[in-house]
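Quick look at coords.txt (compact mmCIF, C-alpha atoms and all ligand atoms):
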# COMPACT_ATOMS: atom_id res chain seq x y z
CA MET A 2 18.64 -31.33 -78.30
CA ARG A 3 15.42 -30.01 -76.76
CA GLU A 4 15.19 -30.82 -73.04
CA ILE A 5 11.89 -32.28 -71.89
CA TYR A 6 11.81 -32.43 -68.10
CA LEU A 7 9.14 -34.83 -66.88
CA ASP A 8 10.44 -35.63 -63.41
CA ASN A 9 8.63 -32.90 -61.50
CA SER A 10 7.62 -35.17 -58.63
CA ALA A 11 11.34 -35.57 -57.92
CA THR A 12 12.00 -31.86 -58.09
CA THR A 13 11.00 -28.85 -60.13
CA ARG A 14 12.71 -26.04 -61.96
CA VAL A 15 12.65 -22.83 -59.92
CA PHE A 16 10.29 -20.19 -61.35
CA PRO A 17 12.40 -17.28 -62.72
CA GLU A 18 10.34 -14.86 -60.60
CA VAL A 19 11.26 -16.88 -57.50
CA ALA A 20 14.96 -16.92 -58.39
CA GLU A 21 14.85 -13.16 -58.94
CA LEU A 22 13.19 -12.49 -55.57
CA MET A 23 15.64 -14.77 -53.79
CA THR A 24 18.65 -13.12 -55.43
CA ARG A 25 17.39 -9.77 -54.18
CA ILE A 26 17.08 -11.14 -50.65
CA TYR A 27 20.50 -12.81 -50.79
CA THR A 28 22.22 -9.66 -51.99
CA GLU A 29 20.16 -6.81 -50.51
CA GLU A 30 17.80 -7.90 -47.74
CA TYR A 31 20.31 -10.35 -46.30
CA GLY A 32 19.86 -9.50 -42.62
CA ASN A 33 19.17 -11.98 -39.83
CA PRO A 34 15.47 -11.63 -38.94
CA SER A 35 16.41 -11.82 -35.24
CA SER A 36 18.66 -8.73 -35.49
CA LEU A 37 17.26 -5.55 -33.98
CA HIS A 38 18.61 -3.14 -36.61
CA HIS A 39 17.15 -2.14 -39.93
CA LYS A 40 18.62 -5.09 -41.88
CA GLY A 41 17.01 -7.47 -39.43
CA VAL A 42 13.67 -5.70 -39.62
CA GLU A 43 13.81 -5.85 -43.40
CA ALA A 44 14.37 -9.63 -43.32
CA GLU A 45 11.68 -10.04 -40.67
CA ARG A 46 9.29 -8.20 -42.97
CA GLU A 47 9.96 -10.75 -45.73
CA LEU A 48 9.21 -13.56 -43.27
CA THR A 49 5.97 -11.97 -42.16
CA LYS A 50 4.86 -11.40 -45.74
CA ALA A 51 5.66 -14.99 -46.72
CA LYS A 52 3.77 -16.38 -43.73
CA GLN A 53 0.74 -14.25 -44.56
CA THR A 54 0.74 -15.48 -48.15
CA LEU A 55 1.01 -19.14 -47.13
CA ALA A 56 -1.55 -18.70 -44.35
CA GLY A 57 -3.96 -17.23 -46.92
CA ILE A 58 -3.52 -20.30 -49.11
CA LEU A 59 -3.96 -22.79 -46.25
CA LYS A 60 -6.71 -20.70 -44.63
CA CYS A 61 -4.95 -20.62 -41.29
CA GLU A 62 -3.18 -18.09 -39.12
CA PRO A 63 0.45 -17.17 -39.88
CA GLY A 64 1.43 -18.28 -36.36
CA GLN A 65 0.45 -21.85 -37.23
CA LEU A 66 3.23 -22.15 -39.82
CA TYR A 67 6.79 -23.29 -39.18
CA PHE A 68 9.64 -23.47 -41.66
CA THR A 69 12.09 -26.35 -41.84
CA SER A 70 14.81 -27.44 -44.26
CA CYS A 71 12.69 -29.83 -46.36
CA GLY A 72 9.60 -32.02 -46.50
CA THR A 73 11.47 -34.80 -44.74
CA GLU A 74 12.24 -32.57 -41.75
CA SER A 75 8.62 -31.38 -41.60
CA ASP A 76 7.36 -34.99 -41.56
CA ASN A 77 9.93 -35.92 -38.89
CA LEU A 78 9.08 -32.95 -36.71
CA ALA A 79 5.36 -33.73 -36.99
CA ILE A 80 5.57 -37.46 -36.30
CA LEU A 81 8.42 -37.64 -33.80
CA GLY A 82 7.21 -34.42 -32.19
CA ALA A 83 3.70 -35.81 -31.77
CA ALA A 84 5.00 -39.11 -30.40
CA ALA A 85 7.27 -37.28 -27.93
CA ALA A 86 4.44 -35.05 -26.71
CA HIS A 87 1.72 -37.72 -26.48
CA GLY A 88 3.61 -40.97 -25.91
CA ARG A 89 2.49 -41.12 -22.28
CA ARG A 90 -1.15 -41.00 -23.33
CA GLY A 91 -0.86 -43.89 -25.77
CA LYS A 92 1.52 -45.72 -28.04
CA HIS A 93 -0.66 -46.63 -30.99
CA ILE A 94 -0.08 -45.05 -34.42
CA ILE A 95 -1.84 -45.73 -37.74
CA THR A 96 -0.29 -45.29 -41.19
CA THR A 97 -0.40 -46.64 -44.75
CA PRO A 98 1.90 -49.10 -46.51
CA PHE A 99 2.97 -46.59 -49.15
CA GLU A 100 4.21 -43.56 -47.29
CA HIS A 101 7.41 -41.86 -48.43
CA PRO A 102 10.48 -42.90 -46.36
CA ALA A 103 10.26 -39.47 -44.69
CA VAL A 104 7.25 -40.97 -42.88
CA SER A 105 7.77 -44.74 -43.02
CA GLU A 106 11.28 -44.54 -41.57
CA CYS A 107 9.93 -42.49 -38.63
CA MET A 108 7.39 -45.25 -38.08
CA LYS A 109 10.12 -47.91 -38.10
CA TYR A 110 12.06 -45.90 -35.53
CA LEU A 111 9.01 -45.43 -33.31
CA GLU A 112 8.25 -49.14 -33.54
CA SER A 113 11.77 -49.85 -32.27
CA GLN A 114 10.97 -47.52 -29.35
CA GLY A 115 7.92 -49.53 -28.30
CA TYR A 116 5.14 -47.89 -30.32
CA GLU A 117 2.58 -50.11 -32.00
CA ILE A 118 2.12 -49.28 -35.68
CA THR A 119 -1.01 -50.37 -37.56
CA THR A 120 -0.62 -50.37 -41.34
CA LEU A 121 -3.83 -49.92 -43.33
CA LYS A 122 -4.95 -51.88 -46.38
CA VAL A 123 -4.73 -50.24 -49.77
CA ASP A 124 -6.67 -51.18 -52.91
CA GLY A 125 -5.36 -51.82 -56.43
CA LYS A 126 -5.65 -48.16 -57.35
CA GLY A 127 -3.71 -47.01 -54.30
CA MET A 128 -6.69 -45.85 -52.26
CA ILE A 129 -7.24 -46.17 -48.52
CA ASN A 130 -10.81 -46.75 -47.39
CA PRO A 131 -11.66 -44.00 -44.85
CA GLU A 132 -13.88 -46.47 -42.98
CA ASP A 133 -10.84 -48.69 -42.40
CA VAL A 134 -9.03 -45.77 -40.78
CA ALA A 135 -11.98 -45.10 -38.46
CA GLU A 136 -12.15 -48.76 -37.54
CA ALA A 137 -8.45 -48.87 -36.67
CA VAL A 138 -8.60 -45.82 -34.34
CA ARG A 139 -8.56 -46.81 -30.65
CA GLU A 140 -8.58 -45.10 -27.29
CA ASP A 141 -4.76 -45.16 -27.21
CA THR A 142 -4.24 -44.02 -30.83
CA ILE A 143 -2.21 -40.84 -30.65
CA LEU A 144 -1.54 -40.29 -34.34
CA VAL A 145 -2.75 -41.19 -37.83
CA SER A 146 -0.46 -40.40 -40.76
CA VAL A 147 -1.84 -40.63 -44.32
CA MET A 148 -0.21 -39.00 -47.32
CA HIS A 149 -2.26 -36.67 -49.53
CA THR A 150 -0.87 -37.50 -52.98
CA ASN A 151 1.21 -40.59 -53.54
CA ASN A 152 4.55 -39.75 -55.13
CA GLU A 153 4.71 -42.85 -57.33
CA ILE A 154 1.22 -43.40 -58.71
CA GLY A 155 -0.52 -40.13 -57.83
CA SER A 156 -3.45 -41.54 -55.88
CA VAL A 157 -5.09 -38.75 -53.87
CA GLN A 158 -6.58 -39.79 -50.54
CA GLN A 159 -9.84 -38.39 -49.22
CA VAL A 160 -8.06 -36.69 -46.37
CA GLY A 161 -11.05 -34.55 -45.38
CA GLU A 162 -13.26 -37.60 -44.95
CA ILE A 163 -10.49 -39.54 -43.20
CA GLY A 164 -9.93 -36.62 -40.81
CA ARG A 165 -13.63 -36.33 -40.04
CA LEU A 166 -13.93 -40.03 -39.23
CA ILE A 167 -10.79 -40.03 -37.05
CA LYS A 168 -12.09 -37.16 -34.93
CA GLU A 169 -15.53 -38.75 -34.68
CA LYS A 170 -13.94 -41.85 -33.16
CA ASN A 171 -11.32 -40.17 -30.98
CA ARG A 172 -10.98 -36.41 -30.89
CA ASN A 173 -7.59 -36.67 -29.18
CA THR A 174 -6.02 -38.57 -32.07
CA LEU A 175 -3.81 -36.28 -34.14
CA PHE A 176 -3.99 -36.42 -37.93
CA HIS A 177 -0.78 -35.85 -39.91
CA VAL A 178 -0.83 -35.47 -43.69
CA ASP A 179 2.27 -35.58 -45.85
CA ALA A 180 1.18 -33.12 -48.52
CA VAL A 181 4.60 -32.76 -50.15
CA GLN A 182 3.17 -33.91 -53.50
CA GLY A 183 -0.28 -32.36 -53.11
CA PHE A 184 0.62 -28.84 -52.04
CA GLY A 185 0.52 -26.53 -55.05
CA LYS A 186 -1.72 -28.88 -57.00
CA ALA A 187 -4.78 -29.24 -54.79
CA VAL A 188 -6.85 -27.09 -52.47
CA LEU A 189 -5.69 -27.81 -48.92
CA HIS A 190 -7.49 -26.24 -45.98
CA PRO A 191 -6.15 -28.23 -43.02
CA SER A 192 -8.55 -27.03 -40.35
CA ARG A 193 -11.62 -27.79 -42.52
CA MET A 194 -10.12 -31.18 -43.33
CA HIS A 195 -9.53 -31.99 -39.63
CA ILE A 196 -5.77 -32.08 -40.29
CA ASP A 197 -3.57 -31.26 -37.29
CA LEU A 198 -0.16 -31.46 -38.94
CA LEU A 199 0.57 -30.91 -42.63
CA ALA A 200 3.96 -31.07 -44.35
CA ALA A 201 4.97 -29.41 -47.62
CA SER A 202 8.22 -28.81 -49.48
CA GLY A 203 9.51 -25.92 -51.59
CA HIS A 204 11.37 -27.80 -54.28
CA LYS A 205 8.26 -29.64 -55.48
CA ILE A 206 6.52 -26.36 -56.29
CA HIS A 207 9.12 -24.44 -58.31
CA ALA A 208 10.84 -22.98 -55.23
CA PRO A 209 14.35 -24.14 -54.32
CA LYS A 210 15.57 -27.16 -52.43
CA GLY A 211 16.25 -26.61 -48.73
CA ILE A 212 12.93 -25.23 -47.57
CA GLY A 213 10.03 -27.08 -45.97
CA LEU A 214 6.80 -26.07 -44.27
CA LEU A 215 4.88 -27.52 -41.36
CA TYR A 216 1.35 -26.47 -40.45
CA VAL A 217 0.40 -27.11 -36.83
CA GLY A 218 -3.27 -26.87 -35.87
CA LYS A 219 -4.51 -24.61 -33.08
CA GLY A 220 -3.93 -26.13 -29.67
CA VAL A 221 -2.00 -29.07 -31.15
CA ARG A 222 0.96 -29.96 -29.00
CA ILE A 223 4.14 -31.44 -30.48
CA ARG A 224 7.58 -31.48 -28.92
CA SER A 225 10.37 -29.99 -30.98
CA THR A 226 13.31 -32.20 -31.71
CA ILE A 227 15.76 -29.35 -32.38
CA TYR A 228 17.37 -27.40 -29.57
CA GLY A 229 18.99 -24.00 -30.08
CA GLY A 230 18.33 -20.29 -30.19
CA GLY A 231 14.57 -20.54 -29.91
CA GLN A 232 13.61 -19.15 -33.31
CA GLN A 233 10.06 -19.77 -34.53
CA GLY A 234 8.74 -19.89 -30.99
CA GLY A 235 11.24 -22.60 -30.11
CA MET A 236 9.50 -25.05 -32.45
CA ARG A 237 12.38 -25.01 -34.90
CA SER A 238 15.53 -23.31 -33.73
CA GLY A 239 18.02 -22.12 -36.32
CA THR A 240 18.26 -18.89 -38.31
CA GLU A 241 15.41 -18.83 -40.79
CA ASN A 242 16.12 -19.41 -44.49
CA VAL A 243 14.58 -16.07 -45.38
CA ALA A 244 15.19 -16.27 -49.13
CA GLY A 245 13.91 -19.85 -49.31
CA ILE A 246 10.82 -19.00 -47.27
CA ALA A 247 10.03 -15.96 -49.43
CA GLY A 248 10.68 -18.03 -52.56
CA MET A 249 8.37 -20.81 -51.40
CA ALA A 250 5.61 -18.32 -50.61
CA LEU A 251 5.91 -16.66 -54.02
CA ALA A 252 5.91 -20.01 -55.87
CA ALA A 253 2.85 -21.15 -53.90
CA ASP A 254 1.11 -17.86 -54.60
CA MET A 255 1.80 -18.20 -58.33
CA LEU A 256 0.43 -21.75 -58.38
CA TYR A 257 -2.63 -21.11 -56.24
CA ARG A 258 -3.58 -17.92 -58.07
CA ASP A 259 -4.48 -19.95 -61.16
CA LEU A 260 -4.98 -23.33 -59.54
CA GLU A 261 -8.11 -24.40 -61.44
CA GLU A 262 -6.65 -23.43 -64.80
CA GLU A 263 -3.35 -25.14 -64.06
CA ARG A 264 -5.01 -28.30 -62.80
CA ALA A 265 -7.11 -28.38 -65.97
CA LYS A 266 -3.99 -27.99 -68.12
CA LEU A 267 -2.18 -30.81 -66.28
CA PHE A 268 -5.20 -33.13 -66.49
CA ARG A 269 -5.49 -32.38 -70.23
CA MET A 270 -1.86 -33.43 -70.73
CA LYS A 271 -2.36 -36.56 -68.62
CA LYS A 272 -5.48 -37.55 -70.56
CA SER A 273 -3.85 -36.88 -73.88
CA PHE A 274 -0.88 -39.07 -72.86
CA ALA A 275 -3.21 -41.89 -71.84
CA GLU A 276 -5.14 -41.72 -75.12
CA LYS A 277 -2.03 -41.63 -77.28
CA ILE A 278 -0.17 -44.38 -75.45
CA ALA A 279 -3.15 -46.75 -75.56
CA SER A 280 -2.12 -48.07 -79.00
CA LEU A 281 1.11 -49.48 -77.55
CA PRO A 282 0.56 -53.15 -76.60
CA ASP A 283 1.23 -54.50 -73.09
CA VAL A 284 1.43 -51.21 -71.28
CA GLN A 285 -0.70 -50.16 -68.34
CA LEU A 286 -1.30 -47.01 -66.37
CA ASN A 287 -1.29 -47.37 -62.59
CA GLY A 288 -3.31 -45.46 -60.04
CA PRO A 289 -6.57 -43.57 -60.46
CA GLN A 290 -6.91 -41.73 -63.77
CA ASP A 291 -9.96 -39.64 -62.83
CA GLU A 292 -9.85 -36.06 -61.55
CA VAL A 293 -11.04 -36.79 -58.01
CA PHE A 294 -8.75 -39.59 -56.87
CA GLY A 295 -5.89 -39.07 -59.33
CA ALA A 296 -3.18 -36.38 -59.19
CA PRO A 297 -3.18 -34.06 -62.22
CA ASN A 298 0.55 -34.43 -62.83
CA VAL A 299 1.58 -38.02 -62.08
CA ILE A 300 1.57 -40.74 -64.72
CA SER A 301 2.76 -44.20 -63.68
CA LEU A 302 3.37 -46.38 -66.71
CA SER A 303 4.25 -50.07 -66.66
CA VAL A 304 5.77 -51.41 -69.86
CA LYS A 305 5.84 -55.18 -69.92
CA ASN A 306 9.20 -56.73 -70.81
CA VAL A 307 11.17 -53.52 -70.71
CA ARG A 308 13.32 -52.70 -67.68
CA ALA A 309 12.44 -49.29 -66.32
CA GLU A 310 16.06 -48.24 -65.99
CA VAL A 311 16.82 -49.14 -69.60
CA LEU A 312 13.81 -47.19 -70.81
CA LEU A 313 14.72 -44.25 -68.59
CA HIS A 314 18.17 -44.01 -70.14
CA ALA A 315 16.88 -44.54 -73.67
CA LEU A 316 14.51 -41.61 -73.13
CA GLU A 317 17.33 -39.59 -71.60
CA ASP A 318 19.31 -40.07 -74.84
CA ARG A 319 16.51 -38.12 -76.48
CA GLY A 320 16.55 -35.37 -73.87
CA ILE A 321 13.50 -36.69 -72.02
CA TYR A 322 13.85 -36.98 -68.24
CA VAL A 323 11.55 -39.35 -66.32
CA SER A 324 12.09 -41.55 -63.29
CA SER A 325 11.86 -45.19 -62.38
CA GLY A 326 10.00 -46.07 -59.20
CA SER A 327 10.22 -43.42 -56.52
CA ALA A 328 12.70 -40.70 -57.45
CA CYS A 329 13.81 -39.71 -53.99
CA SER A 330 15.28 -43.11 -53.34
CA SER A 331 15.87 -44.40 -56.85
CA ASN A 332 19.63 -44.34 -56.35
CA ARG A 333 19.05 -47.10 -53.81
CA PRO A 334 17.65 -50.01 -55.77
CA HIS A 335 14.63 -51.41 -53.96
CA THR A 336 11.24 -52.79 -54.72
CA SER A 337 8.75 -49.97 -54.58
CA SER A 338 6.50 -50.22 -51.54
CA THR A 339 3.73 -48.41 -53.40
CA LEU A 340 3.77 -50.70 -56.42
CA THR A 341 3.93 -53.74 -54.14
CA ALA A 342 1.09 -52.39 -51.98
CA ILE A 343 -1.24 -52.01 -54.98
CA GLY A 344 -0.47 -55.59 -55.99
CA LEU A 345 1.23 -54.82 -59.30
CA PRO A 346 2.06 -58.13 -61.03
CA LYS A 347 5.69 -59.19 -60.65
CA GLU A 348 6.44 -58.77 -64.36
CA TYR A 349 5.53 -55.08 -64.09
CA LEU A 350 7.38 -54.27 -60.86
CA ASP A 351 10.73 -53.51 -62.50
CA SER A 352 9.09 -52.14 -65.63
CA THR A 353 7.41 -49.04 -64.28
CA ILE A 354 8.41 -45.49 -65.04
CA ARG A 355 6.94 -42.31 -63.63
CA ILE A 356 6.28 -39.31 -65.81
CA SER A 357 5.49 -36.24 -63.76
CA THR A 358 4.53 -32.98 -65.39
CA SER A 359 4.40 -29.42 -64.14
CA VAL A 360 2.84 -26.18 -65.28
CA MET A 361 6.09 -25.53 -67.15
CA ASN A 362 5.41 -28.45 -69.54
CA THR A 363 3.51 -28.24 -72.81
CA GLU A 364 1.33 -30.51 -74.91
CA GLU A 365 4.28 -30.75 -77.30
CA ASP A 366 6.38 -32.31 -74.51
CA ILE A 367 3.74 -35.01 -74.15
CA ASP A 368 3.51 -35.63 -77.90
CA ASP A 369 7.29 -35.96 -78.23
CA THR A 370 7.43 -38.34 -75.26
CA VAL A 371 4.65 -40.55 -76.63
CA ARG A 372 6.42 -40.64 -80.01
CA ALA A 373 9.70 -41.60 -78.33
CA LEU A 374 7.99 -44.39 -76.36
CA GLN A 375 6.29 -45.71 -79.50
CA GLU A 376 9.66 -45.91 -81.24
CA LEU A 377 11.74 -47.17 -78.30
CA VAL A 378 9.52 -49.76 -76.62
CA PRO A 379 9.27 -52.26 -79.54
CA VAL A 380 13.04 -52.08 -80.04
CA LEU A 381 13.88 -52.49 -76.34
CA ARG A 382 11.45 -55.40 -76.04
CA LYS A 383 13.41 -57.31 -78.66
CA TYR A 384 16.41 -57.31 -76.34
CA THR A 385 14.57 -58.44 -73.23
CA ALA A 386 14.77 -62.13 -72.43
CA HIS A 387 11.30 -63.67 -72.05
N1 LIG A 401 7.00 -36.89 -48.91
C1 LIG A 401 6.74 -37.17 -50.20
C2 LIG A 401 5.41 -37.73 -50.56
C3 LIG A 401 7.70 -36.94 -51.18
O1 LIG A 401 7.44 -37.24 -52.45
C4 LIG A 401 8.96 -36.42 -50.80
C5 LIG A 401 10.03 -36.24 -51.80
O2 LIG A 401 9.98 -36.79 -52.87
C6 LIG A 401 9.17 -36.11 -49.44
C7 LIG A 401 8.18 -36.37 -48.53
C8 LIG A 401 10.46 -35.53 -48.98
O3 LIG A 401 10.55 -34.17 -49.31
P1 LIG A 401 11.99 -33.45 -49.35
O4 LIG A 401 12.67 -33.94 -50.58
O5 LIG A 401 11.67 -31.99 -49.41
O6 LIG A 401 12.69 -33.83 -48.11
Serialized structure, structure tokens:
Amino acid sequence: MREIYLDNSATTRVFPEVAELMTRIYTEEYGNPSSLHHKGVEAERELTKAKQTLAGILKCEPGQLYFTSCGTESDNLAILGAAAAHGRRGKHIITTPFEHPAVSECMKYLESQGYEITTLKVDGKGMINPEDVAEAVREDTILVSVMHTNNEIGSVQQVGEIGRLIKEKNRNTLFHVDAVQGFGKAVLHPSRMHIDLLAASGHKIHAPKGIGLLYVGKGVRIRSTIYGGGQQGGMRSGTENVAGIAGMALAADMLYRDLEEERAKLFRMKKSFAEKIASLPDVQLNGPQDEVFGAPNVISLSVKNVRAEVLLHALEDRGIYVSSGSACSSNRPHTSSTLTAIGLPKEYLDSTIRISTSVMNTEEDIDDTVRALQELVPVLRKYTAH
């Protein structure tokens, strides 16, 4: 059976070129970058090269980049690190109702520690109004955290505009952006977008699991939450994951080299899916479908009277892999905070699947998936109690 992997927002397949580079590092350039001998210097060289590549993509200096173990750790370091460094100046933080748990759980923790968290309004398409952010910023606001691309419905926030308005109101307020889903699919120049802290993750961009990235703006102070040998300027102690770092840099380079072309290909597949699925009754697409406010690779589809999990497994029987709700936490049944925040009607809440493509997918994958949905949905609906 042909495998059609459409769960790329959960994780991606590693590019063969990335796997090859990493194998070389694991087996040949395996030194500890802190070692003074040749093997260490060799590994250090890989680190330097990777940082330069990523700095070129983010239009920043290599020294502004720190490597962690995943997107979650990058978000934690940014948020908890900012709160620890600036908590004496103020205790007010602003966020959205549909952040990934990597952010929202930090907020819950900070709230329990006496911080005041303001949660912004979100519209039916999953968009935050930048003016609302500006209005919420106060003298004692130390941090605003808004995700770039939503992992469930693919809404893309106007982070540049949000950043500009935050700084206009209070230049001491830090702006954190969880760009785990946007990095590799959108142009991200943090300093031009007034972003102080930006998190990304390797496994969402065809690099392996276990590597994350945090950009820290010039002069931005955060307090590290990891104590140890003082690697990475003491910001994140622990021997660097050299192979993972090099792999992430290569994957990012491959994606950003042809970004416009790849975005166009992904949008073409998304549009073609939307057109072909339109003939199926009682289905709806969630989130923005346009190319400014919508992610190129995320399709959120609600299918009335079909349970998402049932549909997911029926598709799986045909070799098609999608997800229900948010993949990262879908093994913990919960009502999606994103779908609730956009006011999705109750009858659609448990009936929403996410199809997320990558540059490794083809138009044929989309056609086969649409065909499978057209065959499966009417049958599954017959077995759903009304
Ligand atoms: N932030 C967002 C928006 C995500 O989608 C995810 C993972 O799905 C994360 C953070 C966490 O990233 P990681 O799995 O690398 O910890």
Provide the CA of Thr240 (chain A) to CA of Leu199 (chain A) distance in Å, to one decimal place.
21.8 Å
Please list as a list in words every residue within 6 Å of region 242-249 of chain A, counting only C-alpha atoms and excluding residues in the same chain fewer than 6 positions away.
Val19, Met23, Ile26, Ala51, Gly203, Ala208 and Ile212 of chain A
List every residue of chain A that has an atom at most 8 Å from any atom of ligand LIG 401 (chain A), and for each one report the closest atom pair and its distance in Å to one decimal, counting all atoms listed in the file, with rows sorted by chain and then by increasing residue number, as CSV.
residue,atom,partner,partner_atom,distance
A:Ser10,CA,A:LIG401,O2,6.4
A:Ala11,CA,A:LIG401,O2,5.4
A:Thr12,CA,A:LIG401,O2,7.5
A:Ser70,CA,A:LIG401,O5,7.6
A:Cys71,CA,A:LIG401,O5,3.9
A:Gly72,CA,A:LIG401,O5,3.6
A:Thr73,CA,A:LIG401,O6,3.7
A:Glu74,CA,A:LIG401,O6,6.5
A:Asp76,CA,A:LIG401,C7,7.2
A:Glu100,CA,A:LIG401,C2,6.8
A:His101,CA,A:LIG401,N1,5.0
A:Pro102,CA,A:LIG401,C7,7.3
A:Ala103,CA,A:LIG401,C7,5.4
A:Val104,CA,A:LIG401,N1,7.3
A:Met148,CA,A:LIG401,C2,6.6
A:His149,CA,A:LIG401,C2,7.8
A:Thr150,CA,A:LIG401,C2,6.7
A:Asn151,CA,A:LIG401,C2,5.9
A:Asn152,CA,A:LIG401,O1,4.7
A:Glu153,CA,A:LIG401,O1,7.9
A:Asp179,CA,A:LIG401,N1,5.8
A:Ala180,CA,A:LIG401,C2,6.6
A:Val181,CA,A:LIG401,C1,4.9
A:Gln182,CA,A:LIG401,C2,5.3
A:Ala200,CA,A:LIG401,C7,8.0
A:Ala201,CA,A:LIG401,O5,7.4
A:Ser202,CA,A:LIG401,O5,4.7
A:Gly203,CA,A:LIG401,O5,6.8
A:His204,CA,A:LIG401,O5,6.4
A:Lys205,CA,A:LIG401,O5,7.3
A:Lys210,CA,A:LIG401,O5,6.9
A:Gly211,CA,A:LIG401,O5,7.1
A:Ile212,CA,A:LIG401,O5,7.1
A:Gly213,CA,A:LIG401,O5,6.2
A:Ser327,CA,A:LIG401,O2,7.6
A:Ala328,CA,A:LIG401,O2,6.6
A:Cys329,CA,A:LIG401,O2,4.9
Return the padded bounding box of region 165-182 of chain A as lines of an AutoDock Vina configuration file: axis-aligned, built from all atoms listed in the file, 5 Å added on each side, with centre and edge lengths in Å to one decimal.
center_x = -5.5
center_y = -37.3
center_z = -41.3
size_x = 30.1
size_y = 19.1
size_z = 34.3
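Remark: for Gly41 (chain A), the closest of the candidate residues A:Asn77, A:Leu55, A:Arg224, A:Glu241 is A:Glu241 (distances computed over all atoms listed in the file).
Here CA of Glu376 (chain A) is placed at a distance of 27.2 Å from CA of Thr13 (chain A).
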Closest of A:Ser303, A:Thr119, A:Asn287, A:Gln233 to Gln65 (chain A) - atom-to-atom distances counting only C-alpha atoms:
A:Gln233
Using all atoms listed in the file: which of A:Ser156, A:Ala84, A:Ile118, A:Thr358 has the shortest distance to Asp291 (chain A)
A:Ser156
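One finds CA of Phe16 (chain A) at 24.3 Å from CA of His190 (chain A).
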